[in-house]
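Text of coords_13.txt (compact mmCIF, C-alpha atoms) as supplied:
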# COMPACT_ATOMS: atom_id res chain seq x y z
CA MET J 355 -45.06 -20.84 -36.70
CA ARG J 356 -47.63 -19.46 -34.31
CA LEU J 357 -47.26 -22.62 -32.19
CA ALA J 358 -43.48 -22.33 -32.44
CA GLN J 359 -43.69 -18.77 -31.12
CA GLN J 360 -45.60 -20.19 -28.18
CA GLY J 361 -42.77 -22.63 -27.50
CA ASP J 362 -44.31 -25.80 -28.95
CA GLN J 363 -41.14 -27.74 -29.75
CA VAL J 364 -42.88 -30.60 -31.57
CA ALA J 365 -44.76 -28.27 -33.89
CA TYR J 366 -41.59 -26.28 -34.41
CA ALA J 367 -39.55 -29.35 -35.34
CA ALA J 368 -42.25 -30.40 -37.80
CA LEU J 369 -42.28 -26.93 -39.31
CA LEU J 370 -38.48 -26.89 -39.66
CA VAL J 371 -38.55 -30.22 -41.48
CA ILE J 372 -41.10 -28.85 -43.94
CA LEU J 373 -39.12 -25.63 -44.33
CA SER J 374 -35.84 -27.45 -44.89
CA ASN J 375 -37.40 -29.33 -47.81
CA ALA J 376 -38.87 -26.12 -49.18
CA VAL J 377 -35.50 -24.33 -48.95
CA ARG J 378 -33.73 -27.26 -50.63
CA ARG J 379 -36.18 -27.18 -53.55
CA PHE J 380 -35.98 -23.38 -53.75
CA ALA J 381 -32.18 -23.42 -53.75
CA ARG J 382 -31.80 -26.29 -56.22
CA ALA J 383 -34.16 -24.53 -58.62
CA ARG J 384 -31.81 -21.52 -58.58
CA VAL J 385 -28.29 -22.86 -58.17
CA GLY J 386 -28.62 -26.52 -59.17
CA ALA J 387 -27.46 -29.52 -57.17
CA VAL J 388 -24.32 -27.90 -55.80
CA ALA J 389 -22.48 -29.27 -52.81
CA TRP J 390 -23.41 -26.31 -50.62
CA VAL J 391 -27.21 -26.54 -50.89
CA ASP J 392 -27.17 -27.90 -47.34
CA ASP J 393 -25.34 -24.75 -46.23
CA ILE J 394 -28.22 -22.69 -47.62
CA VAL J 395 -30.76 -24.92 -45.90
CA GLN J 396 -29.02 -24.75 -42.54
CA GLU J 397 -28.34 -21.03 -42.64
CA THR J 398 -31.95 -20.37 -43.56
CA LEU J 399 -33.23 -22.50 -40.68
CA ILE J 400 -30.96 -20.63 -38.26
CA ALA J 401 -32.18 -17.31 -39.67
CA VAL J 402 -35.82 -18.37 -39.36
CA HIS J 403 -35.13 -19.38 -35.76
CA ARG J 404 -33.53 -16.04 -34.89
CA ALA J 405 -36.19 -14.02 -36.72
CA ARG J 406 -39.20 -15.95 -35.45
CA ARG J 407 -40.35 -13.14 -33.19
CA THR J 408 -40.74 -10.90 -36.27
CA TYR J 409 -43.38 -13.14 -37.83
CA ASP J 410 -46.85 -11.68 -37.51
CA SER J 411 -49.44 -14.46 -37.56
CA ALA J 412 -51.97 -12.03 -39.02
CA ARG J 413 -49.90 -11.94 -42.20
CA PRO J 414 -49.14 -14.74 -44.68
CA PHE J 415 -46.16 -16.90 -43.78
CA ALA J 416 -44.73 -17.59 -47.25
CA PRO J 417 -43.53 -14.05 -48.12
CA TRP J 418 -41.84 -13.74 -44.71
CA PHE J 419 -40.17 -17.12 -45.08
CA TYR J 420 -39.05 -16.70 -48.70
CA ALA J 421 -37.68 -13.21 -48.02
CA ILE J 422 -35.36 -14.78 -45.45
CA THR J 423 -34.59 -17.72 -47.73
CA SER J 424 -33.69 -15.45 -50.68
CA SER J 425 -31.48 -13.34 -48.47
CA ARG J 426 -29.59 -16.36 -47.13
CA LEU J 427 -29.32 -17.86 -50.61
CA ILE J 428 -27.71 -14.69 -51.96
CA ASP J 429 -25.31 -14.48 -49.01
CA VAL J 430 -24.22 -18.11 -49.38
CA ILE J 431 -23.75 -17.72 -53.15
CA ARG J 432 -21.56 -14.65 -52.57
CA ARG J 433 -19.53 -16.49 -49.96
CA GLU J 434 -19.05 -19.55 -52.16
CA ARG J 435 -17.95 -17.32 -55.04
CA ARG J 436 -15.37 -15.71 -52.80
CA ILE J 437 -14.12 -19.14 -51.71
CA THR J 438 -13.95 -20.34 -55.30
CA ALA J 439 -12.13 -17.18 -56.38
CA ARG J 440 -9.58 -17.61 -53.60
CA GLU J 441 -9.14 -21.25 -54.48
CA VAL J 442 -8.62 -20.45 -58.16
CA ALA J 443 -6.17 -17.72 -57.16
CA GLY J 444 -3.86 -20.41 -55.89
CA ASP J 445 -4.80 -21.39 -52.39
CA GLU J 446 -3.21 -24.81 -52.79
CA LEU J 447 -0.82 -27.03 -50.95
CA PRO J 448 2.67 -27.21 -52.40
CA ASP J 449 3.45 -30.26 -54.52
CA GLU J 450 4.97 -33.17 -52.70
CA GLY J 451 8.26 -32.92 -54.56
CA SER J 452 8.66 -29.16 -54.71
CA PRO J 453 11.39 -27.52 -52.63
CA PRO J 454 10.33 -25.67 -49.50
CA GLU J 455 9.72 -21.95 -49.90
CA PRO J 456 12.38 -19.64 -48.45
CA GLY J 457 11.76 -18.87 -44.82
CA ARG J 458 9.35 -21.73 -44.41
CA THR J 459 9.88 -24.98 -42.55
CA ASP J 460 9.92 -28.16 -44.57
CA ILE J 461 6.70 -30.10 -44.84
CA ASP J 462 6.38 -33.53 -43.31
CA VAL J 463 5.01 -35.72 -46.10
CA ASP J 464 3.95 -38.43 -43.67
CA ALA J 465 1.99 -35.87 -41.68
CA ILE J 466 0.26 -34.73 -44.87
CA ARG J 467 -0.62 -38.32 -45.74
CA ALA J 468 -1.99 -38.87 -42.24
CA ALA J 469 -4.03 -35.65 -42.43
CA LEU J 470 -5.26 -36.62 -45.86
CA ALA J 471 -6.45 -39.95 -44.51
CA ALA J 472 -8.46 -38.09 -41.89
CA LEU J 473 -10.43 -36.10 -44.47
CA PRO J 474 -14.01 -36.96 -45.42
CA PRO J 475 -13.97 -39.42 -48.36
CA ARG J 476 -15.22 -36.93 -50.97
CA GLN J 477 -12.65 -34.27 -50.06
CA ARG J 478 -9.87 -36.87 -49.96
CA GLU J 479 -10.87 -38.30 -53.33
CA ILE J 480 -10.86 -34.86 -54.96
CA ILE J 481 -7.53 -33.77 -53.48
CA GLU J 482 -5.88 -37.06 -54.38
CA GLY J 483 -7.18 -36.69 -57.92
CA LEU J 484 -5.96 -33.12 -58.28
CA LYS J 485 -2.65 -33.43 -56.44
CA TYR J 486 -1.50 -37.04 -56.61
CA ARG J 487 -2.88 -38.07 -59.98
CA ASP J 488 -2.58 -34.65 -61.64
CA GLU J 489 -6.13 -34.81 -62.93
CA SER J 490 -7.81 -31.62 -64.10
CA VAL J 491 -10.77 -30.15 -62.23
CA ARG J 492 -12.95 -31.06 -65.19
CA ALA J 493 -11.78 -34.69 -65.14
CA VAL J 494 -12.41 -35.02 -61.41
CA ALA J 495 -15.81 -33.40 -61.78
CA GLY J 496 -16.73 -35.78 -64.59
CA ARG J 497 -15.52 -38.83 -62.70
CA LEU J 498 -17.40 -37.93 -59.51
CA GLY J 499 -20.53 -36.57 -61.21
CA MET J 500 -20.07 -33.09 -59.74
CA THR J 501 -19.91 -29.63 -61.25
CA GLU J 502 -16.45 -28.08 -61.63
CA SER J 503 -17.45 -25.36 -59.21
CA ALA J 504 -18.47 -27.94 -56.60
CA VAL J 505 -15.15 -29.74 -57.04
CA LYS J 506 -13.23 -26.50 -56.48
CA VAL J 507 -15.26 -25.63 -53.41
CA THR J 508 -14.91 -29.13 -51.94
CA ALA J 509 -11.18 -29.10 -52.66
CA HIS J 510 -10.85 -25.72 -51.00
CA ARG J 511 -12.56 -27.00 -47.90
CA GLY J 512 -10.30 -30.02 -47.94
CA TYR J 513 -7.21 -27.78 -48.14
CA ARG J 514 -8.44 -25.76 -45.22
CA THR J 515 -9.05 -28.87 -43.17
CA LEU J 516 -5.64 -30.20 -44.10
CA LYS J 517 -3.98 -26.97 -43.06
CA ARG J 518 -5.85 -27.02 -39.81
CA LEU J 519 -4.86 -30.60 -39.19
CA LEU J 520 -1.27 -29.75 -39.95
CA GLY J 521 -1.38 -26.88 -37.48
CA MET J 522 -0.66 -24.31 -40.19
CA ILE J 523 -3.69 -22.17 -39.44
CA ARG J 524 -5.55 -21.43 -36.29
CA GLU J 525 -8.88 -23.06 -35.56
CA ASP J 526 -11.79 -20.77 -36.50
CA MET Z 817 -23.55 -30.91 -38.83
CA LYS Z 818 -26.44 -32.70 -40.44
CA THR Z 819 -29.60 -30.72 -41.11
CA GLU Z 820 -31.62 -33.22 -39.09
CA ASP Z 821 -29.39 -32.61 -36.06
CA LEU Z 822 -29.70 -28.87 -36.50
CA ILE Z 823 -33.48 -29.13 -36.56
CA VAL Z 824 -33.43 -31.08 -33.30
CA GLN Z 825 -31.13 -28.47 -31.72
CA LEU Z 826 -33.26 -25.54 -32.86
CA ALA Z 827 -36.48 -27.21 -31.74
CA GLN Z 828 -34.97 -27.86 -28.31
CA LYS Z 829 -34.08 -24.17 -28.05
CA ALA Z 830 -37.61 -23.07 -28.96
CA ARG Z 831 -38.79 -21.07 -25.98
CA PRO Z 832 -41.94 -18.93 -26.15
CA VAL Z 833 -41.25 -15.60 -27.80
CA THR Z 834 -43.40 -12.49 -27.82
CA PRO Z 835 -44.06 -11.45 -31.41
CA LEU Z 836 -42.97 -7.91 -32.18
CA ALA Z 837 -45.68 -5.28 -32.21
CA PRO Z 838 -46.57 -4.02 -35.71
CA PRO Z 839 -44.22 -1.34 -37.10
CA VAL Z 840 -46.96 1.30 -36.83
CA ALA Z 841 -47.28 0.77 -33.07
CA ARG Z 842 -43.51 0.84 -32.55
CA LEU Z 843 -43.23 3.92 -34.78
CA ALA Z 844 -45.84 5.72 -32.68
CA ALA Z 845 -43.99 4.84 -29.47
CA TRP Z 846 -40.64 5.96 -30.90
CA THR Z 847 -42.05 9.20 -32.30
CA VAL Z 848 -43.66 10.18 -29.01
CA GLY Z 849 -40.47 9.38 -27.11
CA ALA Z 850 -38.21 11.17 -29.59
CA VAL Z 851 -40.36 14.29 -29.71
CA ILE Z 852 -40.55 14.47 -25.91
CA PHE Z 853 -36.77 14.07 -25.63
CA VAL Z 854 -36.05 16.71 -28.28
CA VAL Z 855 -38.58 19.16 -26.81
CA LEU Z 856 -37.00 18.71 -23.38
CA GLY Z 857 -33.56 19.22 -24.91
CA VAL Z 858 -34.69 22.40 -26.63
CA ALA Z 859 -36.26 23.62 -23.38
CA VAL Z 860 -33.01 23.00 -21.48
CA ILE Z 861 -30.75 24.63 -24.07
CA GLY Z 862 -33.21 27.42 -24.75
CA ILE Z 863 -35.40 28.27 -27.71
CA ARG Z 864 -34.19 31.14 -29.91
CA VAL Z 865 -35.31 34.56 -28.67
CA ASP Z 866 -37.72 35.11 -31.56
CA GLY Z 867 -38.78 31.46 -31.61
CA TRP Z 868 -42.50 32.00 -31.12
CA ALA Z 869 -42.56 34.73 -33.77
CA LYS Z 870 -40.67 32.50 -36.20
CA LEU Z 871 -43.23 29.75 -35.70
CA GLN Z 872 -45.84 32.14 -37.12
CA GLN Z 873 -43.88 32.32 -40.40
CA ALA Z 874 -45.05 29.81 -43.00
CA ARG Z 875 -41.61 29.33 -44.56
CA TYR Z 876 -39.98 28.57 -41.21
CA LEU Z 877 -42.82 26.26 -40.23
CA VAL Z 878 -42.64 24.36 -43.54
CA GLU Z 879 -38.92 23.73 -43.02
CA LEU Z 880 -39.49 22.61 -39.45
CA LEU Z 881 -42.32 20.25 -40.38
CA LEU Z 882 -40.30 18.93 -43.31
CA THR Z 883 -37.42 17.88 -41.07
CA ILE Z 884 -39.84 16.24 -38.64
CA ALA Z 885 -41.49 14.45 -41.56
CA ILE Z 886 -38.08 13.20 -42.74
CA GLY Z 887 -37.49 11.79 -39.27
CA ILE Z 888 -40.83 10.02 -39.05
CA LEU Z 889 -40.68 8.67 -42.60
CA ALA Z 890 -37.14 7.39 -42.04
CA ALA Z 891 -38.09 5.74 -38.74
CA ALA Z 892 -41.13 4.13 -40.37
CA ALA Z 893 -39.05 2.80 -43.24
CA ALA Z 894 -36.36 1.47 -40.88
CA LEU Z 895 -38.91 -0.34 -38.70
CA VAL Z 896 -40.63 -1.83 -41.75
CA LEU Z 897 -37.26 -3.05 -43.03
CA GLY Z 898 -36.81 -4.87 -39.72
CA ILE Z 899 -39.62 -7.27 -40.64
CA PRO Z 900 -38.88 -9.63 -43.55
CA ALA Z 901 -41.22 -9.02 -46.50
CA ALA Z 902 -43.07 -6.22 -44.70
CA GLU Z 903 -41.90 -3.58 -47.15
CA ARG Z 904 -44.66 -3.25 -49.72
CA THR Z 905 -42.81 -0.97 -52.11
CA ARG Z 906 -39.27 0.38 -52.39
CA LEU Z 907 -40.84 3.84 -52.27
CA GLN Z 908 -41.13 3.34 -48.51
CA ARG Z 909 -37.36 3.48 -48.08
CA TRP Z 910 -36.77 6.07 -50.78
CA LEU Z 911 -39.43 8.50 -49.54
CA PRO Z 912 -37.36 9.80 -46.59
CA LEU Z 913 -34.47 10.41 -48.98
CA VAL Z 914 -36.77 12.25 -51.37
CA ALA Z 915 -37.97 14.37 -48.44
CA ALA Z 916 -34.36 15.01 -47.42
CA GLY Z 917 -33.68 16.03 -51.01
CA ALA Z 918 -36.61 18.43 -50.82
CA TRP Z 919 -35.14 19.95 -47.65
CA ALA Z 920 -31.77 20.36 -49.39
CA GLY Z 921 -33.54 21.76 -52.45
CA LEU Z 922 -35.45 24.27 -50.39
CA LEU Z 923 -32.29 25.50 -48.69
CA GLY Z 924 -30.32 25.44 -51.94
CA ARG Z 925 -32.95 27.54 -53.65
CA ASP Z 926 -32.77 30.15 -50.89
CA VAL Z 927 -28.97 30.18 -51.12
CA LEU Z 928 -29.19 30.76 -54.88
CA LEU Z 929 -31.77 33.52 -54.52
CA GLY Z 930 -29.59 35.27 -51.95
CA GLY Z 931 -26.77 35.81 -54.47
CA SER Z 932 -22.97 35.52 -53.98
CA VAL Z 933 -23.50 31.79 -53.62
CA ALA Z 934 -19.87 30.68 -53.87
CA ALA Z 935 -18.62 33.34 -51.49
CA ARG Z 936 -21.26 32.52 -48.88
CA LEU Z 937 -20.71 28.79 -49.06
CA LEU Z 938 -16.93 29.08 -49.09
CA GLN Z 939 -17.10 31.01 -45.83
CA LEU Z 940 -18.18 27.62 -44.44
CA PRO Z 941 -20.83 29.01 -42.13
CA ILE Z 942 -20.61 26.10 -39.72
CA HIS Z 943 -21.26 26.58 -36.04
CA LEU Z 944 -19.90 23.85 -33.81
CA ALA Z 945 -22.79 24.40 -31.41
CA CYS Z 946 -25.34 23.43 -34.07
CA ILE Z 947 -23.51 20.22 -34.93
CA LEU Z 948 -23.19 19.33 -31.24
CA GLU Z 949 -26.86 20.06 -30.69
CA ILE Z 950 -27.89 17.90 -33.65
CA ALA Z 951 -25.64 15.06 -32.52
CA GLY Z 952 -26.59 15.41 -28.85
CA LEU Z 953 -30.34 15.55 -29.47
CA ALA Z 954 -30.08 12.57 -31.83
CA ILE Z 955 -28.20 10.23 -29.52
CA LEU Z 956 -31.03 8.90 -27.36
CA PRO Z 957 -33.70 8.64 -30.10
CA GLY Z 958 -31.08 7.04 -32.33
CA LEU Z 959 -30.04 4.48 -29.73
CA ILE Z 960 -33.66 3.61 -28.97
CA LEU Z 961 -34.52 3.15 -32.64
CA PHE Z 962 -31.36 1.16 -33.17
CA GLY Z 963 -32.28 -1.04 -30.22
CA MET Z 964 -35.72 -1.62 -31.73
CA LEU Z 965 -34.08 -2.66 -34.98
CA ARG Z 966 -31.69 -5.02 -33.22
CA ARG Z 967 -34.70 -6.87 -31.82
CA SER Z 968 -36.04 -7.34 -35.33
CA ALA Z 969 -34.53 -8.99 -38.40
CA PRO Z 970 -33.51 -6.46 -41.05
CA LEU Z 971 -32.35 -8.05 -44.27
CA ARG Z 972 -31.03 -4.79 -45.76
CA LEU Z 973 -28.59 -3.77 -43.09
CA GLU Z 974 -27.15 -0.59 -44.62
CA TRP Z 975 -30.59 0.77 -45.35
CA ALA Z 976 -31.94 -0.02 -41.90
CA ALA Z 977 -28.90 1.45 -40.15
CA GLY Z 978 -28.80 4.56 -42.34
CA LEU Z 979 -32.52 5.23 -42.04
CA SER Z 980 -32.49 4.84 -38.27
CA GLY Z 981 -29.64 7.36 -38.12
CA LEU Z 982 -31.41 9.72 -40.49
CA ALA Z 983 -34.60 9.48 -38.44
CA ALA Z 984 -32.92 10.48 -35.20
CA LEU Z 985 -30.77 13.17 -36.82
CA ALA Z 986 -33.68 14.75 -38.69
CA VAL Z 987 -35.79 15.02 -35.55
CA ALA Z 988 -32.75 16.44 -33.76
CA ALA Z 989 -32.23 18.92 -36.61
CA ALA Z 990 -35.83 20.09 -36.17
CA GLY Z 991 -35.06 20.76 -32.52
CA THR Z 992 -31.84 22.55 -33.43
CA GLN Z 993 -33.79 24.81 -35.80
CA LEU Z 994 -35.76 25.98 -32.78
CA ILE Z 995 -32.53 26.79 -30.95
CA CYS Z 996 -30.27 28.19 -33.69
CA PRO Z 997 -30.77 31.94 -34.18
CA VAL Z 998 -29.13 32.01 -37.63
CA ASP Z 999 -31.49 32.26 -40.59
CA ASP Z 1000 -28.88 32.36 -43.35
CA PRO Z 1001 -29.79 29.47 -45.69
CA ALA Z 1002 -26.08 28.95 -46.41
CA HIS Z 1003 -25.60 28.17 -42.71
CA LEU Z 1004 -28.68 25.96 -42.61
CA PHE Z 1005 -27.42 24.04 -45.64
CA ILE Z 1006 -23.77 23.67 -44.61
CA GLY Z 1007 -24.27 23.62 -40.86
CA HIS Z 1008 -27.54 21.68 -40.51
CA PHE Z 1009 -28.32 19.67 -43.62
CA ILE Z 1010 -24.78 18.47 -44.41
CA PRO Z 1011 -24.13 17.20 -40.84
CA VAL Z 1012 -27.44 15.33 -40.86
CA ALA Z 1013 -26.70 13.72 -44.23
CA GLY Z 1014 -23.07 13.01 -43.35
CA LEU Z 1015 -23.79 11.49 -39.95
CA ALA Z 1016 -26.58 9.37 -41.43
CA ILE Z 1017 -24.12 7.96 -43.97
CA VAL Z 1018 -21.60 7.28 -41.20
CA GLY Z 1019 -24.40 5.58 -39.26
CA ALA Z 1020 -25.22 3.38 -42.24
CA VAL Z 1021 -21.61 2.25 -42.56
CA LEU Z 1022 -20.93 1.75 -38.85
CA GLY Z 1023 -24.38 0.49 -37.92
CA ARG Z 1024 -24.41 -2.22 -40.56
CA ARG Z 1025 -22.17 -4.51 -38.55
CA ARG Z 1026 -23.97 -3.86 -35.26
CA LEU Z 1027 -27.29 -4.71 -36.88
CA ASN Z 1028 -26.07 -7.97 -38.36
CA TRP Z 1029 -28.28 -10.39 -36.49
CA LEU Z 1030 -26.85 -13.33 -38.45
CA ALA Z 1031 -23.21 -12.52 -37.85
CA SER Z 1032 -22.49 -15.44 -35.60
CA SER Z 1033 -24.24 -18.06 -37.73

I'd like the structure from this file rewritten - as structure tokens, please.
Amino acid sequence: MRLAQQGDQVAYAALLVILSNAVRRFARARVGAVAWVDDIVQETLIAVHRARRTYDSARPFAPWFYAITSSRLIDVIRRERRITAREVAGDELPDEGSPPEPGRTDIDVDAIRAALAALPPRQREIIEGLKYRDESVRAVAGRLGMTESAVKVTAHRGYRTLKRLLGMIRED
Amino acid sequence: MKTEDLIVQLAQKARPVTPLAPPVARLAAWTVGAVIFVVLGVAVIGIRVDGWAKLQQARYLVELLLTIAIGILAAAAALVLGIPAAERTRLQRWLPLVAAGAWAGLLGRDVLLGGSVAARLLQLPIHLACILEIAGLAILPGLILFGMLRRSAPLRLEWAAGLSGLAALAVAAAGTQLICPVDDPAHLFIGHFIPVAGLAIVGAVLGRRRLNWLASS
């Protein structure tokens, strides 16, 4: 880190690789192999980057680093819980055959199919399972070897992407 | 984005950075600056007529030193919170609040000993000038301390924001005590302590977002 503070990009890249592995192990030990472990890793690396001027080379590195990692881990867990709660609360696309809601334009099924095809394979597989094949979250999780929570989160992200693709929400 | 790509991006952005000075050094710089500013402010507004005589009184001096101590302890705790893992014990951040409690306790005791407590407090002995002086004398030290915190990486945002506000307000309250000619403890409690505590809480709530150094991640 001392070299990184001096602007040594090679040393910094090497450090970030080591740290990313350390964060991944740290996170998996606490939350398991959830789909968003990479979010924790990436947010921690960004935090380390922004906080690097606060590291004092006269002090041990590990407490500084793990304080940041713990903080990011907690924030990501909170955020994922909020996403899951919203998803469970019914943030879902209407069924293909259901009538349009009052005051809302009809939905172009072909457009939905096209947007669905543009999703990443895992998101598409989960949404097709839940919406087209009427599988339960548990069944999809079992089939894909994921936790139920990870299925819900991945499905939620897929819904958001679909909505974005369909022009129903603004780009973030 | 893949983690590998992020690492490449971050490494490419790695420019030399100057490590922050230790909290003790920054605390010393802030304290000197804050005290000079408050002393100048008091000199401009004018010290109370019997100010020098009051400074000879132990009780008055204890209260004055206590408010200064609250300010310094709060600033120290805020600066320590700006460095991940630098806080050795939670006592560091609670100590300024304990000291603030002691200040409130001291004033509350005097109010109780004076009798007719409810009547005196219900008169709401608040002087707008005192509140303006506290707020005015706190602005610059508060902004400077807040700026110092924004250059660091606080992980407990409400605490850091609230303590930086408390630090500036307490030092400003010490200055106001040198200006305000009213010795009634009911006034000091309602008109000095409550504004300091209230504004510090407002600072914690409002400052949290401004201190969020990870907001755009």

Size and centre in Å, one decimal, axis-aligned box, all listed region 966-983 of chain Z atoms plus 5 Å per side, as AutoDock Vina command-line options:
--center_x -31.6 --center_y 0.4 --center_z -38.8 --size_x 18.9 --size_y 28.7 --size_z 23.9

Please provide the set of residues having any atom within 12 Å of Gly483 (chain J), restricted to only C-alpha atoms, with same-chain residues fewer than 4 positions apart removed, written as JSON, numbers by chain.
{"J": [476, 477, 478, 479, 487, 488, 489, 490, 491, 492, 493, 494, 495, 496, 497, 498, 505, 506, 509]}

Would you export the selected residues with C-alpha atoms as a CSV table (one decimal), in the frame of the given file, please?
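Result file is selection_26.csv:
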chain,number,residue,atom,x,y,z
J,476,ARG,CA,-15.2,-36.9,-51.0
J,477,GLN,CA,-12.6,-34.3,-50.1
J,478,ARG,CA,-9.9,-36.9,-50.0
J,479,GLU,CA,-10.9,-38.3,-53.3
J,487,ARG,CA,-2.9,-38.1,-60.0
J,488,ASP,CA,-2.6,-34.6,-61.6
J,489,GLU,CA,-6.1,-34.8,-62.9
J,490,SER,CA,-7.8,-31.6,-64.1
J,491,VAL,CA,-10.8,-30.2,-62.2
J,492,ARG,CA,-13.0,-31.1,-65.2
J,493,ALA,CA,-11.8,-34.7,-65.1
J,494,VAL,CA,-12.4,-35.0,-61.4
J,495,ALA,CA,-15.8,-33.4,-61.8
J,496,GLY,CA,-16.7,-35.8,-64.6
J,497,ARG,CA,-15.5,-38.8,-62.7
J,498,LEU,CA,-17.4,-37.9,-59.5
J,505,VAL,CA,-15.2,-29.7,-57.0
J,506,LYS,CA,-13.2,-26.5,-56.5
J,509,ALA,CA,-11.2,-29.1,-52.7

Identify which of the residues Z:Ala1020, Z:Leu882, Z:Leu973, Z:His1003 lies closest to chain J, counting only C-alpha atoms when measuring atom-to-atom distances.
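Between Z:Ala1020, Z:Leu882, Z:Leu973, Z:His1003, the residue approaching chain J most closely is Z:Leu973.
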
Could you give me, as JSON lines, every chain J residue with an atom at most 10 Å from chain Z, plus its closest atom pair and distance in Å to one decimal, counting only C-alpha atoms, rows ordered by chain then number?
{"residue": "J:Arg356", "atom": "CA", "partner": "Z:Pro835", "partner_atom": "CA", "distance": 9.2}
{"residue": "J:Leu357", "atom": "CA", "partner": "Z:Pro832", "partner_atom": "CA", "distance": 8.9}
{"residue": "J:Ala358", "atom": "CA", "partner": "Z:Ala830", "partner_atom": "CA", "distance": 6.9}
{"residue": "J:Gln359", "atom": "CA", "partner": "Z:Val833", "partner_atom": "CA", "distance": 5.2}
{"residue": "J:Gln360", "atom": "CA", "partner": "Z:Pro832", "partner_atom": "CA", "distance": 4.4}
{"residue": "J:Gly361", "atom": "CA", "partner": "Z:Pro832", "partner_atom": "CA", "distance": 4.0}
{"residue": "J:Asp362", "atom": "CA", "partner": "Z:Ala830", "partner_atom": "CA", "distance": 7.2}
{"residue": "J:Gln363", "atom": "CA", "partner": "Z:Ala827", "partner_atom": "CA", "distance": 5.1}
{"residue": "J:Val364", "atom": "CA", "partner": "Z:Ala827", "partner_atom": "CA", "distance": 7.2}
{"residue": "J:Ala365", "atom": "CA", "partner": "Z:Ala827", "partner_atom": "CA", "distance": 8.6}
{"residue": "J:Tyr366", "atom": "CA", "partner": "Z:Ala827", "partner_atom": "CA", "distance": 5.8}
{"residue": "J:Ala367", "atom": "CA", "partner": "Z:Ala827", "partner_atom": "CA", "distance": 5.2}
{"residue": "J:Ala368", "atom": "CA", "partner": "Z:Ile823", "partner_atom": "CA", "distance": 8.9}
{"residue": "J:Leu369", "atom": "CA", "partner": "Z:Ile823", "partner_atom": "CA", "distance": 9.5}
{"residue": "J:Leu370", "atom": "CA", "partner": "Z:Ile823", "partner_atom": "CA", "distance": 6.3}
{"residue": "J:Val371", "atom": "CA", "partner": "Z:Ile823", "partner_atom": "CA", "distance": 7.1}
{"residue": "J:Ser374", "atom": "CA", "partner": "Z:Thr819", "partner_atom": "CA", "distance": 8.0}
{"residue": "J:Asp392", "atom": "CA", "partner": "Z:Thr819", "partner_atom": "CA", "distance": 7.3}
{"residue": "J:Asp393", "atom": "CA", "partner": "Z:Thr819", "partner_atom": "CA", "distance": 8.9}
{"residue": "J:Val395", "atom": "CA", "partner": "Z:Thr819", "partner_atom": "CA", "distance": 7.6}
{"residue": "J:Gln396", "atom": "CA", "partner": "Z:Thr819", "partner_atom": "CA", "distance": 6.2}
{"residue": "J:Glu397", "atom": "CA", "partner": "Z:Ser1033", "partner_atom": "CA", "distance": 7.1}
{"residue": "J:Thr398", "atom": "CA", "partner": "Z:Ser1033", "partner_atom": "CA", "distance": 9.9}
{"residue": "J:Leu399", "atom": "CA", "partner": "Z:Ile823", "partner_atom": "CA", "distance": 7.8}
{"residue": "J:Ile400", "atom": "CA", "partner": "Z:Ser1033", "partner_atom": "CA", "distance": 7.2}
{"residue": "J:Ala401", "atom": "CA", "partner": "Z:Leu1030", "partner_atom": "CA", "distance": 6.8}
{"residue": "J:Val402", "atom": "CA", "partner": "Z:Ala969", "partner_atom": "CA", "distance": 9.5}
{"residue": "J:His403", "atom": "CA", "partner": "Z:Leu826", "partner_atom": "CA", "distance": 7.1}
{"residue": "J:Arg404", "atom": "CA", "partner": "Z:Trp1029", "partner_atom": "CA", "distance": 7.9}
{"residue": "J:Ala405", "atom": "CA", "partner": "Z:Ala969", "partner_atom": "CA", "distance": 5.6}
{"residue": "J:Arg406", "atom": "CA", "partner": "Z:Pro835", "partner_atom": "CA", "distance": 7.8}
{"residue": "J:Arg407", "atom": "CA", "partner": "Z:Pro835", "partner_atom": "CA", "distance": 4.4}
{"residue": "J:Thr408", "atom": "CA", "partner": "Z:Leu836", "partner_atom": "CA", "distance": 5.5}
{"residue": "J:Tyr409", "atom": "CA", "partner": "Z:Pro835", "partner_atom": "CA", "distance": 6.7}
{"residue": "J:Asp410", "atom": "CA", "partner": "Z:Pro835", "partner_atom": "CA", "distance": 6.7}
{"residue": "J:Ser411", "atom": "CA", "partner": "Z:Pro835", "partner_atom": "CA", "distance": 8.7}
{"residue": "J:Arg413", "atom": "CA", "partner": "Z:Ala902", "partner_atom": "CA", "distance": 9.3}
{"residue": "J:Pro414", "atom": "CA", "partner": "Z:Ala901", "partner_atom": "CA", "distance": 9.9}
{"residue": "J:Phe415", "atom": "CA", "partner": "Z:Ala901", "partner_atom": "CA", "distance": 9.7}
{"residue": "J:Ala416", "atom": "CA", "partner": "Z:Ala901", "partner_atom": "CA", "distance": 9.3}
{"residue": "J:Pro417", "atom": "CA", "partner": "Z:Ala901", "partner_atom": "CA", "distance": 5.8}
{"residue": "J:Trp418", "atom": "CA", "partner": "Z:Ala901", "partner_atom": "CA", "distance": 5.1}
{"residue": "J:Phe419", "atom": "CA", "partner": "Z:Pro900", "partner_atom": "CA", "distance": 7.8}
{"residue": "J:Tyr420", "atom": "CA", "partner": "Z:Ala901", "partner_atom": "CA", "distance": 8.3}
{"residue": "J:Ala421", "atom": "CA", "partner": "Z:Ala901", "partner_atom": "CA", "distance": 5.7}
{"residue": "J:Ile422", "atom": "CA", "partner": "Z:Pro900", "partner_atom": "CA", "distance": 6.5}
{"residue": "J:Ser424", "atom": "CA", "partner": "Z:Leu971", "partner_atom": "CA", "distance": 9.9}
{"residue": "J:Ser425", "atom": "CA", "partner": "Z:Leu971", "partner_atom": "CA", "distance": 6.8}
{"residue": "J:Arg426", "atom": "CA", "partner": "Z:Leu971", "partner_atom": "CA", "distance": 9.2}
